[in-house]
Amino acid sequence: MRSAPEWYGIPVLEVMLLDNDEPRNYEEAMMNPDSAKWLEAMKSEMRSMYEKKVCTLVDLPDDRQAIQNKWIFKKKTDSDGNVIVYKARLVAKGFRQVQGVDYD
């Protein structure tokens, strides 16, 4: 019988399962005690996307559905574990697009 490598012990599992009390979705972020900080992080992400011209808002054609998206929330900490930055990223579920149908 094979055994797991030494480095794959309990401490590794604890680190892997640690979520730093980060929201898993928008609803959790808005119910979180730090909701004002998460909201500011989301506004910062939207400003950045606008300034960098990442996307353009257009009217959705009648025969198309919008691409789903999701907010990802992360806390950046210092070496002592103190939160120094609240990060929010808006990601599109682009894997649902079909070339030639949804984009050229």
# chains A, B, ... in the order shown; residues from 1 in each chain; ligands from 1
>>> residues_around(residues="Ser48 (chain A)", least_positions_apart="6", cutoff="12 Å", atoms="only C-alpha atoms", output="PyMOL selection string")
chain A and resi 41-42+54-55+88-90
>>> residues_around(residues="region 27-37 of chain A", least_positions_apart="4", cutoff="12 Å", atoms="only C-alpha atoms", output="number ranges by chain")
A: 21-23, 41-44, 70-75, 83-88
>>> residues_around(residues="region 92-96 of chain A", least_positions_apart="4", cutoff="7 Å", atoms="only C-alpha atoms", output="list of chain:residue names")
A:Ile67, A:Gln68, A:Asn69, A:Lys70
>>> atom_distance(atom1="CA of Arg64 (chain A)", atom2="CA of Tyr50 (chain A)")
23.5 Å
>>> select_by_dssp(residues="region 6-96 of chain A", states="helix (DSSP H, G or I)", output="ChimeraX atom specification")
/A:10-17,26-31,35-51,94-96
>>> select_by_dssp(residues="region 25-97 of chain A", states="strand (DSSP E or B)", output="PDB file with N, CA and C atoms, in the first residue's frame")
ATOM      1  N   ASN A  69     -21.330  36.152 -15.455  1.00  0.00           N
ATOM      2  CA  ASN A  69     -20.094  36.577 -14.814  1.00  0.00           C
ATOM      3  C   ASN A  69     -20.175  36.304 -13.320  1.00  0.00           C
ATOM      4  N   LYS A  70     -19.064  36.508 -12.654  1.00  0.00           N
ATOM      5  CA  LYS A  70     -18.995  36.199 -11.237  1.00  0.00           C
ATOM      6  C   LYS A  70     -17.954  37.092 -10.574  1.00  0.00           C
ATOM      7  N   TRP A  71     -18.236  37.518  -9.348  1.00  0.00           N
ATOM      8  CA  TRP A  71     -17.262  38.255  -8.553  1.00  0.00           C
ATOM      9  C   TRP A  71     -16.415  37.272  -7.749  1.00  0.00           C
ATOM     10  N   ILE A  72     -15.102  37.512  -7.741  1.00  0.00           N
ATOM     11  CA  ILE A  72     -14.157  36.739  -6.935  1.00  0.00           C
ATOM     12  C   ILE A  72     -13.589  37.691  -5.884  1.00  0.00           C
ATOM     13  N   PHE A  73     -13.631  37.286  -4.627  1.00  0.00           N
ATOM     14  CA  PHE A  73     -13.185  38.134  -3.524  1.00  0.00           C
ATOM     15  C   PHE A  73     -11.982  37.503  -2.828  1.00  0.00           C
ATOM     16  N   LYS A  74     -10.956  38.315  -2.595  1.00  0.00           N
ATOM     17  CA  LYS A  74      -9.744  37.848  -1.914  1.00  0.00           C
ATOM     18  C   LYS A  74      -9.246  38.928  -0.957  1.00  0.00           C
ATOM     19  N   LYS A  75      -8.738  38.463   0.174  1.00  0.00           N
ATOM     20  CA  LYS A  75      -8.075  39.364   1.126  1.00  0.00           C
ATOM     21  C   LYS A  75      -6.580  39.175   0.962  1.00  0.00           C
ATOM     22  N   LYS A  76      -5.856  40.255   0.780  1.00  0.00           N
ATOM     23  CA  LYS A  76      -4.396  40.215   0.726  1.00  0.00           C
ATOM     24  C   LYS A  76      -3.902  40.575   2.118  1.00  0.00           C
ATOM     25  N   THR A  77      -3.024  39.728   2.663  1.00  0.00           N
ATOM     26  CA  THR A  77      -2.554  39.932   4.028  1.00  0.00           C
ATOM     27  C   THR A  77      -1.039  40.127   4.078  1.00  0.00           C
ATOM     28  N   VAL A  83      -5.061  41.945   7.333  1.00  0.00           N
ATOM     29  CA  VAL A  83      -5.575  42.281   6.003  1.00  0.00           C
ATOM     30  C   VAL A  83      -5.076  43.659   5.608  1.00  0.00           C
ATOM     31  N   ILE A  84      -4.433  43.742   4.438  1.00  0.00           N
ATOM     32  CA  ILE A  84      -3.937  45.032   3.962  1.00  0.00           C
ATOM     33  C   ILE A  84      -4.721  45.512   2.744  1.00  0.00           C
ATOM     34  N   VAL A  85      -5.312  44.578   1.981  1.00  0.00           N
ATOM     35  CA  VAL A  85      -6.071  44.956   0.790  1.00  0.00           C
ATOM     36  C   VAL A  85      -7.252  43.995   0.609  1.00  0.00           C
ATOM     37  N   TYR A  86      -8.393  44.563   0.274  1.00  0.00           N
ATOM     38  CA  TYR A  86      -9.552  43.775  -0.132  1.00  0.00           C
ATOM     39  C   TYR A  86      -9.602  43.836  -1.651  1.00  0.00           C
ATOM     40  N   LYS A  87      -9.578  42.687  -2.314  1.00  0.00           N
ATOM     41  CA  LYS A  87      -9.561  42.621  -3.777  1.00  0.00           C
ATOM     42  C   LYS A  87     -10.864  42.012  -4.278  1.00  0.00           C
ATOM     43  N   ALA A  88     -11.392  42.583  -5.322  1.00  0.00           N
ATOM     44  CA  ALA A  88     -12.567  42.028  -5.987  1.00  0.00           C
ATOM     45  C   ALA A  88     -12.273  41.997  -7.482  1.00  0.00           C
ATOM     46  N   ARG A  89     -12.557  40.882  -8.115  1.00  0.00           N
ATOM     47  CA  ARG A  89     -12.344  40.737  -9.551  1.00  0.00           C
ATOM     48  C   ARG A  89     -13.627  40.240 -10.190  1.00  0.00           C
ATOM     49  N   LEU A  90     -14.002  40.856 -11.285  1.00  0.00           N
ATOM     50  CA  LEU A  90     -15.167  40.426 -12.040  1.00  0.00           C
ATOM     51  C   LEU A  90     -14.674  39.561 -13.189  1.00  0.00           C
ATOM     52  N   VAL A  91     -15.118  38.329 -13.222  1.00  0.00           N
ATOM     53  CA  VAL A  91     -14.675  37.408 -14.263  1.00  0.00           C
ATOM     54  C   VAL A  91     -15.879  36.940 -15.077  1.00  0.00           C
ATOM     55  N   ALA A  92     -15.665  36.854 -16.382  1.00  0.00           N
ATOM     56  CA  ALA A  92     -16.708  36.372 -17.286  1.00  0.00           C
ATOM     57  C   ALA A  92     -16.547  34.874 -17.480  1.00  0.00           C
TER      58      ALA A  92
END
>>> atom_distance(atom1="CA of Gly100 (chain A)", atom2="CA of Leu57 (chain A)")
20.0 Å
